[in-house]
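Everything below belongs to final.cif, which stores mmCIF, C-alpha atoms (C1' of nucleotides).
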data_final
#
loop_
_atom_site.label_atom_id
_atom_site.label_comp_id
_atom_site.auth_asym_id
_atom_site.auth_seq_id
_atom_site.Cartn_x
_atom_site.Cartn_y
_atom_site.Cartn_z
CA MET A 1 18.44 -14.48 -17.95
CA THR A 2 19.07 -11.28 -19.88
CA LYS A 3 19.79 -8.08 -18.03
CA ARG A 4 16.43 -6.69 -19.02
CA GLU A 5 14.65 -9.67 -17.50
CA GLU A 6 16.70 -9.32 -14.35
CA PHE A 7 15.67 -5.69 -14.21
CA ILE A 8 11.98 -6.53 -14.43
CA LEU A 9 12.27 -9.25 -11.81
CA GLN A 10 14.18 -7.10 -9.36
CA SER A 11 11.84 -4.16 -9.85
CA LEU A 12 8.73 -6.19 -9.20
CA GLN A 13 10.40 -7.92 -6.30
CA LEU A 14 11.29 -4.64 -4.64
CA ILE A 15 7.89 -3.12 -5.30
CA HIS A 16 6.30 -6.17 -3.73
CA GLN A 17 8.50 -5.94 -0.65
CA LYS A 18 8.52 -2.23 0.03
CA GLY A 19 5.66 -0.85 -2.02
CA PHE A 20 5.85 1.22 -5.18
CA LYS A 21 6.27 4.60 -3.54
CA ALA A 22 8.92 3.35 -1.16
CA THR A 23 10.91 1.73 -3.94
CA THR A 24 13.32 4.24 -5.41
CA ILE A 25 15.10 4.13 -8.73
CA ARG A 26 18.29 3.98 -6.71
CA ASP A 27 16.99 0.91 -4.87
CA ILE A 28 16.40 -0.81 -8.16
CA ALA A 29 19.80 0.17 -9.50
CA ALA A 30 21.51 -1.07 -6.35
CA SER A 31 19.66 -4.38 -6.49
CA MET A 32 21.16 -5.15 -9.88
CA ASP A 33 24.44 -3.49 -9.06
CA CYS A 34 24.41 -0.89 -11.78
CA ASP A 35 24.35 2.84 -12.19
CA VAL A 36 21.15 4.77 -11.48
CA SER A 37 20.88 6.22 -14.94
CA ASN A 38 21.16 2.74 -16.35
CA VAL A 39 17.67 1.98 -15.18
CA TYR A 40 16.37 4.33 -17.81
CA ASN A 41 17.63 2.02 -20.48
CA TYR A 42 14.63 -0.13 -19.59
CA ILE A 43 11.91 2.31 -18.66
CA ASP A 44 10.64 5.73 -19.65
CA SER A 45 9.63 6.66 -16.16
CA LYS A 46 8.99 5.09 -12.80
CA GLN A 47 5.29 5.68 -13.27
CA GLY A 48 5.43 3.93 -16.63
CA LEU A 49 6.99 0.88 -15.00
CA LEU A 50 3.99 0.51 -12.76
CA GLU A 51 1.44 1.19 -15.48
CA THR A 52 2.93 -1.27 -17.91
CA HIS A 53 2.99 -4.27 -15.65
CA LEU A 54 -0.20 -3.46 -13.83
CA PHE A 55 -2.32 -3.08 -16.94
CA ALA A 56 -0.65 -6.02 -18.65
CA ILE A 57 -1.77 -8.46 -15.99
CA ASN A 58 -5.05 -6.66 -15.45
CA GLU A 59 -6.10 -6.97 -19.05
CA GLU A 60 -5.04 -10.57 -19.26
CA PHE A 61 -7.04 -11.29 -16.15
CA HIS A 62 -10.17 -9.56 -17.37
CA GLU A 63 -10.09 -11.30 -20.72
CA ASN A 64 -10.17 -14.63 -18.94
CA VAL A 65 -12.82 -13.44 -16.52
CA ASP A 66 -15.11 -12.20 -19.26
CA GLN A 67 -15.02 -15.53 -21.04
CA ILE A 68 -16.14 -17.21 -17.84
CA ILE A 69 -18.86 -14.70 -17.14
CA GLU A 70 -20.25 -14.83 -20.66
CA SER A 71 -20.30 -18.61 -20.62
CA SER A 72 -23.43 -20.66 -19.94
CA TYR A 73 -22.08 -22.25 -16.78
CA ALA A 74 -24.37 -22.22 -13.75
CA PRO A 75 -23.53 -19.60 -11.07
CA LYS A 76 -21.81 -22.08 -8.83
CA ASP A 77 -19.58 -23.30 -11.63
CA LYS A 78 -18.84 -19.77 -12.69
CA ILE A 79 -17.60 -19.04 -9.18
CA LYS A 80 -15.45 -22.14 -9.29
CA LYS A 81 -14.03 -21.13 -12.64
CA LEU A 82 -13.35 -17.61 -11.42
CA ILE A 83 -11.42 -18.89 -8.45
CA SER A 84 -9.40 -21.20 -10.67
CA CYS A 85 -8.66 -18.33 -12.95
CA TYR A 86 -7.50 -16.11 -10.12
CA VAL A 87 -5.42 -18.79 -8.42
CA ASP A 88 -3.84 -19.67 -11.71
CA LEU A 89 -2.70 -16.14 -12.39
CA THR A 90 -1.57 -15.59 -8.82
CA VAL A 91 0.51 -18.71 -8.57
CA SER A 92 2.19 -18.23 -11.92
CA ARG A 93 2.79 -14.48 -11.59
CA PRO A 94 2.55 -13.50 -7.93
CA LEU A 95 4.68 -10.37 -8.21
CA GLU A 96 2.50 -8.86 -10.87
CA SER A 97 -0.63 -9.96 -9.03
CA SER A 98 0.52 -7.99 -6.04
CA LEU A 99 0.31 -4.85 -8.16
CA LEU A 100 -3.38 -5.49 -8.70
CA VAL A 101 -4.03 -5.74 -4.99
CA ASN A 102 -1.57 -3.32 -3.43
CA GLU A 103 -0.20 -0.84 -5.92
CA TRP A 104 -3.06 0.31 -8.11
CA ARG A 105 -3.62 3.36 -5.93
CA ASN A 106 -0.29 4.70 -7.02
CA LEU A 107 -1.58 5.09 -10.54
CA LYS A 108 -2.19 8.66 -11.64
CA GLU A 109 -5.20 10.02 -13.44
CA PRO A 110 -6.54 9.11 -15.91
CA LYS A 111 -5.10 5.60 -15.53
CA LEU A 112 -6.29 5.46 -11.95
CA SER A 113 -9.91 6.00 -12.93
CA LYS A 114 -9.57 3.54 -15.76
CA PHE A 115 -8.38 0.86 -13.38
CA ILE A 116 -11.02 1.58 -10.76
CA LYS A 117 -13.76 1.47 -13.36
CA ALA A 118 -12.57 -1.90 -14.61
CA ARG A 119 -12.34 -3.30 -11.11
CA GLU A 120 -15.76 -2.04 -10.11
CA SER A 121 -17.23 -3.43 -13.28
CA PHE A 122 -15.67 -6.78 -12.43
CA GLU A 123 -17.03 -6.69 -8.90
CA ARG A 124 -20.49 -5.89 -10.19
CA LYS A 125 -20.33 -8.89 -12.49
CA VAL A 126 -19.35 -11.18 -9.65
CA LYS A 127 -22.11 -9.77 -7.49
CA LYS A 128 -24.54 -10.48 -10.30
CA ILE A 129 -23.47 -14.10 -10.41
CA ILE A 130 -24.02 -14.41 -6.68
CA ILE A 131 -27.43 -12.78 -6.87
CA GLU A 132 -28.35 -15.15 -9.66
CA GLY A 133 -27.10 -18.08 -7.62
CA ILE A 134 -29.20 -16.99 -4.67
CA SER A 135 -32.40 -16.65 -6.66
CA GLU A 136 -31.78 -20.02 -8.29
CA GLY A 137 -31.40 -21.53 -4.86
CA ALA A 138 -27.83 -22.64 -5.53
CA PHE A 139 -26.59 -20.28 -2.83
CA ARG A 140 -28.24 -19.50 0.47
CA GLN A 141 -29.95 -16.22 1.24
CA MET A 142 -27.41 -13.52 2.07
CA ASP A 143 -26.16 -9.99 1.52
CA ALA A 144 -24.77 -10.22 -2.01
CA GLU A 145 -22.34 -7.36 -1.58
CA LEU A 146 -20.76 -8.64 1.58
CA ALA A 147 -20.60 -12.09 0.04
CA THR A 148 -18.95 -10.73 -3.08
CA PHE A 149 -16.19 -8.96 -1.24
CA SER A 150 -15.67 -11.72 1.29
CA MET A 151 -15.35 -14.18 -1.53
CA LEU A 152 -12.97 -12.05 -3.57
CA SER A 153 -10.86 -11.35 -0.51
CA SER A 154 -10.52 -15.05 0.10
CA VAL A 155 -8.45 -15.21 -3.07
CA ARG A 156 -6.82 -11.82 -3.17
CA TRP A 157 -4.40 -12.45 -0.32
CA LEU A 158 -2.89 -15.46 -2.05
CA PHE A 159 -0.07 -13.73 -3.91
CA ASN A 160 1.54 -13.02 -0.55
CA LYS A 161 2.20 -16.67 -0.10
CA TYR A 162 4.05 -17.12 -3.36
CA ALA A 163 5.66 -13.79 -4.16
CA GLY A 164 9.39 -13.91 -3.74
CA LYS A 165 9.49 -17.50 -2.55
CA LYS A 166 10.39 -20.53 -4.51
CA ILE A 167 7.64 -22.83 -3.37
CA LYS A 168 6.61 -25.85 -5.30
CA VAL A 169 2.86 -25.49 -5.54
CA ASN A 170 0.13 -27.90 -6.48
CA LYS A 171 -2.03 -25.32 -8.18
CA VAL A 172 -4.97 -27.66 -8.56
CA GLN A 173 -4.95 -28.49 -4.87
CA VAL A 174 -4.84 -24.82 -3.92
CA GLU A 175 -7.78 -24.15 -6.20
CA LYS A 176 -9.72 -26.96 -4.56
CA GLU A 177 -8.99 -25.70 -1.06
CA ILE A 178 -10.15 -22.19 -1.88
CA VAL A 179 -13.22 -23.35 -3.77
CA ASP A 180 -14.15 -25.53 -0.80
CA PHE A 181 -13.71 -22.62 1.56
CA VAL A 182 -15.75 -20.22 -0.51
CA LEU A 183 -18.56 -22.67 -1.15
CA ASN A 184 -18.68 -24.54 2.15
CA GLY A 185 -16.77 -22.47 4.69
CA LEU A 186 -15.05 -24.04 7.64
CA ASN A 187 -18.02 -26.10 8.82
CA ASP A 188 -18.88 -29.75 8.44
CA MET B 1 -14.37 19.30 17.09
CA THR B 2 -11.05 20.73 18.24
CA LYS B 3 -8.35 21.52 15.72
CA ARG B 4 -6.27 18.65 17.00
CA GLU B 5 -9.08 16.20 16.41
CA GLU B 6 -9.61 17.63 12.95
CA PHE B 7 -5.93 17.11 12.30
CA ILE B 8 -6.06 13.45 13.28
CA LEU B 9 -9.17 12.84 11.22
CA GLN B 10 -7.82 14.53 8.12
CA SER B 11 -4.47 12.78 8.43
CA LEU B 12 -5.99 9.33 8.70
CA GLN B 13 -8.44 10.15 5.94
CA LEU B 14 -5.67 11.17 3.58
CA ILE B 15 -3.50 8.20 4.49
CA HIS B 16 -6.43 5.92 3.82
CA GLN B 17 -7.10 7.50 0.43
CA LYS B 18 -3.59 7.92 -0.93
CA GLY B 19 -1.44 5.74 1.26
CA PHE B 20 1.05 6.82 3.89
CA LYS B 21 4.00 7.40 1.59
CA ALA B 22 1.93 9.33 -0.92
CA THR B 23 0.46 11.56 1.76
CA THR B 24 2.74 14.54 2.32
CA ILE B 25 2.83 16.88 5.24
CA ARG B 26 1.82 19.58 2.79
CA ASP B 27 -1.23 17.53 1.80
CA ILE B 28 -2.29 17.33 5.40
CA ALA B 29 -1.69 21.04 5.96
CA ALA B 30 -3.70 21.92 2.87
CA SER B 31 -6.57 19.68 3.93
CA MET B 32 -7.04 21.68 7.11
CA ASP B 33 -6.11 24.94 5.46
CA CYS B 34 -3.16 25.83 7.60
CA ASP B 35 0.55 26.36 7.30
CA VAL B 36 2.86 23.40 6.78
CA SER B 37 4.86 24.01 9.91
CA ASN B 38 1.68 24.07 11.88
CA VAL B 39 1.33 20.35 11.47
CA TYR B 40 4.26 19.93 13.81
CA ASN B 41 2.21 21.36 16.62
CA TYR B 42 0.52 17.95 16.67
CA ILE B 43 3.21 15.47 15.73
CA ASP B 44 6.91 14.92 16.28
CA SER B 45 7.44 13.38 12.88
CA LYS B 46 5.49 11.90 10.02
CA GLN B 47 6.77 8.47 10.97
CA GLY B 48 5.57 9.00 14.52
CA LEU B 49 2.10 9.78 13.27
CA LEU B 50 1.90 6.37 11.65
CA GLU B 51 3.45 4.52 14.58
CA THR B 52 1.19 6.08 17.17
CA HIS B 53 -2.10 5.27 15.54
CA LEU B 54 -1.07 1.94 14.13
CA PHE B 55 0.18 0.53 17.41
CA ALA B 56 -2.68 2.06 19.36
CA ILE B 57 -5.28 0.12 17.44
CA ASN B 58 -3.05 -2.91 17.09
CA GLU B 59 -2.58 -3.30 20.82
CA GLU B 60 -6.23 -2.74 21.54
CA PHE B 61 -7.08 -5.38 18.99
CA HIS B 62 -4.66 -7.94 20.35
CA GLU B 63 -5.82 -7.47 23.91
CA ASN B 64 -9.34 -8.35 22.83
CA VAL B 65 -8.10 -11.21 20.70
CA ASP B 66 -6.07 -12.75 23.48
CA GLN B 67 -9.03 -12.78 25.82
CA ILE B 68 -10.97 -14.71 23.24
CA ILE B 69 -8.19 -17.13 22.50
CA GLU B 70 -7.50 -17.84 26.16
CA SER B 71 -11.17 -18.43 26.86
CA SER B 72 -12.72 -21.88 27.08
CA TYR B 73 -15.02 -21.41 24.13
CA ALA B 74 -15.08 -24.20 21.57
CA PRO B 75 -13.12 -23.54 18.36
CA LYS B 76 -16.19 -22.65 16.36
CA ASP B 77 -17.30 -20.12 18.93
CA LYS B 78 -13.83 -18.68 19.16
CA ILE B 79 -13.90 -18.06 15.45
CA LYS B 80 -17.28 -16.38 15.78
CA LYS B 81 -16.00 -14.21 18.60
CA LEU B 82 -12.90 -13.30 16.64
CA ILE B 83 -14.96 -12.18 13.70
CA SER B 84 -17.20 -10.12 15.96
CA CYS B 85 -14.16 -8.55 17.49
CA TYR B 86 -12.66 -7.66 14.15
CA VAL B 87 -15.89 -6.35 12.68
CA ASP B 88 -16.50 -4.30 15.77
CA LEU B 89 -13.15 -2.57 15.56
CA THR B 90 -13.40 -2.08 11.82
CA VAL B 91 -16.83 -0.55 11.84
CA SER B 92 -16.12 1.79 14.71
CA ARG B 93 -12.64 2.85 13.57
CA PRO B 94 -12.24 2.06 9.89
CA LEU B 95 -9.52 4.62 9.21
CA GLU B 96 -7.25 3.21 11.85
CA SER B 97 -8.06 -0.33 10.80
CA SER B 98 -6.84 0.51 7.34
CA LEU B 99 -3.41 1.15 8.82
CA LEU B 100 -3.31 -2.42 10.08
CA VAL B 101 -4.03 -3.80 6.65
CA ASN B 102 -2.36 -1.37 4.26
CA GLU B 103 0.22 0.78 5.97
CA TRP B 104 2.17 -1.39 8.33
CA ARG B 105 4.88 -1.93 5.75
CA ASN B 106 5.78 1.71 6.01
CA LEU B 107 6.97 1.20 9.54
CA LYS B 108 10.71 1.30 10.04
CA GLU B 109 12.85 -1.06 12.00
CA PRO B 110 12.59 -2.03 14.77
CA LYS B 111 8.88 -1.20 14.85
CA LEU B 112 8.36 -3.06 11.61
CA SER B 113 9.68 -6.31 13.04
CA LYS B 114 7.69 -5.79 16.18
CA PHE B 115 4.49 -5.47 14.20
CA ILE B 116 5.23 -8.43 11.95
CA LYS B 117 6.01 -10.62 14.94
CA ALA B 118 2.74 -9.71 16.60
CA ARG B 119 0.78 -10.34 13.44
CA GLU B 120 2.43 -13.68 12.78
CA SER B 121 1.85 -14.69 16.36
CA PHE B 122 -1.81 -13.82 15.93
CA GLU B 123 -2.05 -15.80 12.71
CA ARG B 124 -0.47 -18.81 14.36
CA LYS B 125 -3.03 -18.66 17.15
CA VAL B 126 -5.88 -18.55 14.67
CA LYS B 127 -4.39 -21.44 12.75
CA LYS B 128 -4.20 -23.37 16.00
CA ILE B 129 -7.88 -22.82 16.63
CA ILE B 130 -8.70 -24.09 13.18
CA ILE B 131 -6.49 -27.15 13.60
CA GLU B 132 -8.19 -27.84 16.90
CA GLY B 133 -11.57 -27.44 15.28
CA ILE B 134 -10.62 -29.88 12.56
CA SER B 135 -9.42 -32.54 14.95
CA GLU B 136 -12.54 -32.14 17.08
CA GLY B 137 -14.64 -32.62 13.98
CA ALA B 138 -16.20 -29.20 14.23
CA PHE B 139 -14.57 -28.16 10.98
CA ARG B 140 -14.05 -30.30 7.92
CA GLN B 141 -10.70 -31.63 6.80
CA MET B 142 -8.69 -28.94 5.08
CA ASP B 143 -5.37 -27.14 4.75
CA ALA B 144 -5.25 -25.14 7.97
CA GLU B 145 -2.96 -22.47 6.62
CA LEU B 146 -5.00 -21.72 3.53
CA ALA B 147 -8.13 -21.76 5.67
CA THR B 148 -6.59 -19.35 8.16
CA PHE B 149 -5.64 -16.78 5.59
CA SER B 150 -8.83 -17.16 3.59
CA MET B 151 -10.82 -16.65 6.74
CA LEU B 152 -8.84 -13.65 7.91
CA SER B 153 -9.01 -12.07 4.47
CA SER B 154 -12.76 -12.39 4.54
CA VAL B 155 -12.77 -9.80 7.29
CA ARG B 156 -9.75 -7.72 6.48
CA TRP B 157 -11.24 -6.01 3.46
CA LEU B 158 -14.14 -4.63 5.45
CA PHE B 159 -12.66 -1.29 6.47
CA ASN B 160 -12.78 -0.26 2.81
CA LYS B 161 -16.53 -0.23 2.97
CA TYR B 162 -16.75 2.13 5.92
CA ALA B 163 -13.67 4.32 5.79
CA GLY B 164 -14.53 7.85 4.81
CA LYS B 165 -18.20 7.20 4.31
CA LYS B 166 -21.00 8.03 6.62
CA ILE B 167 -22.93 4.81 6.40
CA LYS B 168 -25.37 3.76 9.04
CA VAL B 169 -24.33 0.21 9.81
CA ASN B 170 -26.04 -2.60 11.63
CA LYS B 171 -22.89 -4.01 13.14
CA VAL B 172 -24.59 -7.13 14.43
CA GLN B 173 -25.98 -7.93 11.02
CA VAL B 174 -22.59 -7.50 9.37
CA GLU B 175 -21.07 -9.83 11.93
CA LYS B 176 -23.73 -12.41 11.20
CA GLU B 177 -23.20 -12.19 7.45
CA ILE B 178 -19.46 -12.67 7.75
CA VAL B 179 -19.73 -15.46 10.30
CA ASP B 180 -22.17 -17.23 7.99
CA PHE B 181 -19.81 -16.83 5.08
CA VAL B 182 -16.79 -18.09 6.97
CA LEU B 183 -18.57 -21.04 8.50
CA ASN B 184 -20.91 -22.05 5.69
CA GLY B 185 -19.64 -20.40 2.53
CA LEU B 186 -21.95 -19.51 -0.32
CA ASN B 187 -23.62 -22.91 -0.56
CA ASP B 188 -26.99 -24.15 0.65
"C1'" DT C 1 31.58 -3.07 -43.41
"C1'" DT C 2 28.30 -0.47 -41.49
"C1'" DA C 3 24.52 0.38 -38.59
"C1'" DT C 4 21.97 -0.84 -34.82
"C1'" DT C 5 21.06 -2.64 -30.31
"C1'" DG C 6 21.95 -3.57 -25.46
"C1'" DT C 7 24.38 -2.09 -21.82
"C1'" DA C 8 27.60 0.89 -19.17
"C1'" DT C 9 29.56 5.43 -16.94
"C1'" DC C 10 29.68 10.07 -14.94
"C1'" DA C 11 28.04 14.36 -13.77
"C1'" DA C 12 24.34 17.26 -12.89
"C1'" DC C 13 19.66 19.41 -12.10
"C1'" DA C 14 14.99 20.53 -10.60
"C1'" DT C 15 11.48 19.16 -7.45
"C1'" DT C 16 9.57 17.22 -3.75
"C1'" DT C 17 9.49 16.50 0.91
"C1'" DG C 18 10.37 16.24 5.96
"C1'" DT C 19 11.79 19.22 9.34
"C1'" DT C 20 13.31 23.38 12.18
"C1'" DG C 21 13.73 27.91 14.48
"C1'" DA C 22 12.14 32.03 15.87
"C1'" DT C 23 8.13 34.38 16.86
"C1'" DG C 24 3.15 36.04 17.73
"C1'" DT C 25 -1.39 35.83 19.84
"C1'" DA C 26 -5.60 34.66 21.99
"C1'" DA C 27 -7.76 31.70 25.26
"C1'" DA C 28 -7.66 28.85 29.24
"C1'" DT C 29 -5.65 27.63 33.64
"C1'" DT C 30 -3.19 28.62 37.95
"C1'" DA D 1 -2.12 38.77 37.30
"C1'" DA D 2 0.82 35.38 35.69
"C1'" DT D 3 1.60 31.48 33.10
"C1'" DT D 4 0.73 27.80 30.43
"C1'" DT D 5 -1.71 25.86 26.37
"C1'" DA D 6 -3.36 25.75 21.68
"C1'" DC D 7 -2.80 27.46 17.45
"C1'" DA D 8 -0.76 30.54 13.85
"C1'" DT D 9 2.97 32.73 10.48
"C1'" DC D 10 7.14 33.12 7.71
"C1'" DA D 11 11.44 31.83 5.97
"C1'" DA D 12 14.65 28.43 5.12
"C1'" DC D 13 17.44 24.06 4.79
"C1'" DA D 14 19.14 19.40 3.96
"C1'" DA D 15 18.18 15.21 2.10
"C1'" DA D 16 15.91 12.25 -1.03
"C1'" DT D 17 14.36 11.38 -5.50
"C1'" DG D 18 13.07 11.23 -10.51
"C1'" DT D 19 15.13 12.41 -14.63
"C1'" DT D 20 18.43 13.92 -18.42
"C1'" DG D 21 22.39 14.50 -21.59
"C1'" DA D 22 26.50 13.25 -23.42
"C1'" DT D 23 29.28 9.49 -24.20
"C1'" DA D 24 31.45 4.78 -24.74
"C1'" DC D 25 31.94 0.04 -26.04
"C1'" DA D 26 30.96 -4.56 -27.43
"C1'" DA D 27 27.98 -7.73 -29.82
"C1'" DT D 28 24.65 -8.45 -33.29
"C1'" DA D 29 22.18 -7.60 -37.62
"C1'" DA D 30 21.99 -5.35 -42.16
#

Re-express the file's structure as structure tokens.
Amino acid sequence: MTKREEFILQSLQLIHQKGFKATTIRDIAASMDCDVSNVYNYIDSKQGLLETHLFAINEEFHENVDQIIESSYAPKDKIKKLISCYVDLTVSRPLESSLLVNEWRNLKEPKLSKFIKARESFERKVKKIIIEGISEGAFRQMDAELATFSMLSSVRWLFNKYAGKKIKVNKVQVEKEIVDFVLNGLND
Amino acid sequence: MTKREEFILQSLQLIHQKGFKATTIRDIAASMDCDVSNVYNYIDSKQGLLETHLFAINEEFHENVDQIIESSYAPKDKIKKLISCYVDLTVSRPLESSLLVNEWRNLKEPKLSKFIKARESFERKVKKIIIEGISEGAFRQMDAELATFSMLSSVRWLFNKYAGKKIKVNKVQVEKEIVDFVLNGLND
DNA sequence: TTATTGTATCAACATTTGTTGATGTAAATT
DNA sequence: AATTTACATCAACAAATGTTGATACAATAA
């Protein structure tokens, strides 16, 4: 692992543990046992560090999501695909995923607005799928907004389980468990 | 509304919006149009502000939770009660609830460990209920841990919807929607 | 060989930020 | 009337924190 890669890993690790604001440049430097000023060999600014990684994973995520949404899958299958997509990203890059959930508020304008707009747009699309599913009779009658957020939240916590731990994960099994929960709940 | 109450409201509001670390004493002072030093008429320290409100709502929550858990309700009804309990607290005090979800990591030792222990203890209890429900046949076969966190996440996002907005909410209806989601999912 | 790239060191600065002390004043409580 | 309570003002400090500039040295690429 090159020093630059170690830097990225340690930075994301620290940000995950303590939060972006609470993570100082000196923390990062200490974690890789180097001088403070050395950190600036890898970044332009602390803010830039956040922006880079946050938007990198965000854009990758939304590209995948849009392909699913624009597909001709039925609502229920779109939801399944979305969950797979989210789990996939989370399991393979939990530290960056944590930025999407926890650290976006530390963005500054205009990046902050850009992110919020993208996220709201995404949530609207998901809500639309659910509404469609309800009117098709695939889903039961319910408050689409509450359902949307409950469903998204069921996946959004997941990075916590994998960030910073070396767990061998059966990604497919995790996807199945979450899909089952979202579609069928605890009952049966 | 007394000045002290305004102070508490504005503080929690700001912390909810920007996060605890990003909220400065000067921000708080500005929001109630007073001098910086004036803030210290109401608090001992910024850290104390967080600790006070976070543990206040945390302890209230856990008292309610424990009564439910130690009751003789069947697992499914315990889950329903737990959701009611959580929704209730969230809807009536969303700003403080946000501390429980977002700001606990800004606690310092030993308070941080104290909080984490309590939360993990709570999560274990919920997991136990789910395991019991599975073995009784009330719930379907599934990974109890994933189910626990998925279920809890389905409620934990809720404060976002009510914090800082003056929305007239039918608490009972929200509880029903979330219970339906957790028990039955989107399907039917 | 020369130029570039990745990494390292040391000192220093400007801002931000939490916090304090000393003090004043009007209203409420005793 | 005396005293406590709630709230206000002003000036100032110490620590934390992001950032820079100047420099060096070894490996790699041209």

Practice item. Can you check which residues of chain B have any atom within 10 Å of chain D? Use all atoms listed in the file and format it as a list in words. Key: Thr2, Lys3, Arg4, Cys34, Asp35, Ser37, Asn38 and Asn41 of chain B

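The spacing separating CA of Gln67 in chain B from CA of Leu82 in chain B amounts to 10.0 Å.
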
Exercise for review: Specify as a ChimeraX atom specification all residues of chain B found within 8 Å of chain A, counting only C-alpha atoms.
Suggested key: /B:18-19,21-22,102,105-106,137-140,142-143,146-147,149-151,153-157,177-178,181-188

Interface rows for chain C against chain A: nearest pair, Å to one decimal, 8 Å, all atoms listed in the file, as CSV:
residue,atom,partner,partner_atom,distance
C:DT7,C1',A:Asn38,CA,8.0
C:DA8,C1',A:Asn38,CA,7.3
C:DT9,C1',A:Asp35,CA,7.5

Review point. Could you work out how far CA of Arg93 in chain B lies from CA of Glu6 in chain B, giving the answer in Å with one decimal?
Key: 15.1 Å

Check your understanding: Skipping near chain neighbours, those fewer than 6 positions away, what residues fall within 12 Å of Lys108 in chain A using only C-alpha atoms (C1' of nucleotides), listed as a ChimeraX atom specification?
Key -> /A:46-48,50-51,114-116 /B:18,22

Written file, previous selection with C-alpha atoms, as a PDB file, in the coordinates of the input:
ATOM      1  CA  LYS A  46       8.990   5.090 -12.800  1.00  0.00           C
ATOM      2  CA  GLN A  47       5.290   5.680 -13.270  1.00  0.00           C
ATOM      3  CA  GLY A  48       5.430   3.930 -16.630  1.00  0.00           C
ATOM      4  CA  LEU A  50       3.990   0.510 -12.760  1.00  0.00           C
ATOM      5  CA  GLU A  51       1.440   1.190 -15.480  1.00  0.00           C
ATOM      6  CA  LYS A 114      -9.570   3.540 -15.760  1.00  0.00           C
ATOM      7  CA  PHE A 115      -8.380   0.860 -13.380  1.00  0.00           C
ATOM      8  CA  ILE A 116     -11.020   1.580 -10.760  1.00  0.00           C
TER       9      ILE A 116
ATOM     10  CA  LYS B  18      -3.590   7.920  -0.930  1.00  0.00           C
ATOM     11  CA  ALA B  22       1.930   9.330  -0.920  1.00  0.00           C
TER      12      ALA B  22
END

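Going from CA of Ile129 in chain A over to CA of Lys78 in chain A, you cover 7.7 Å.
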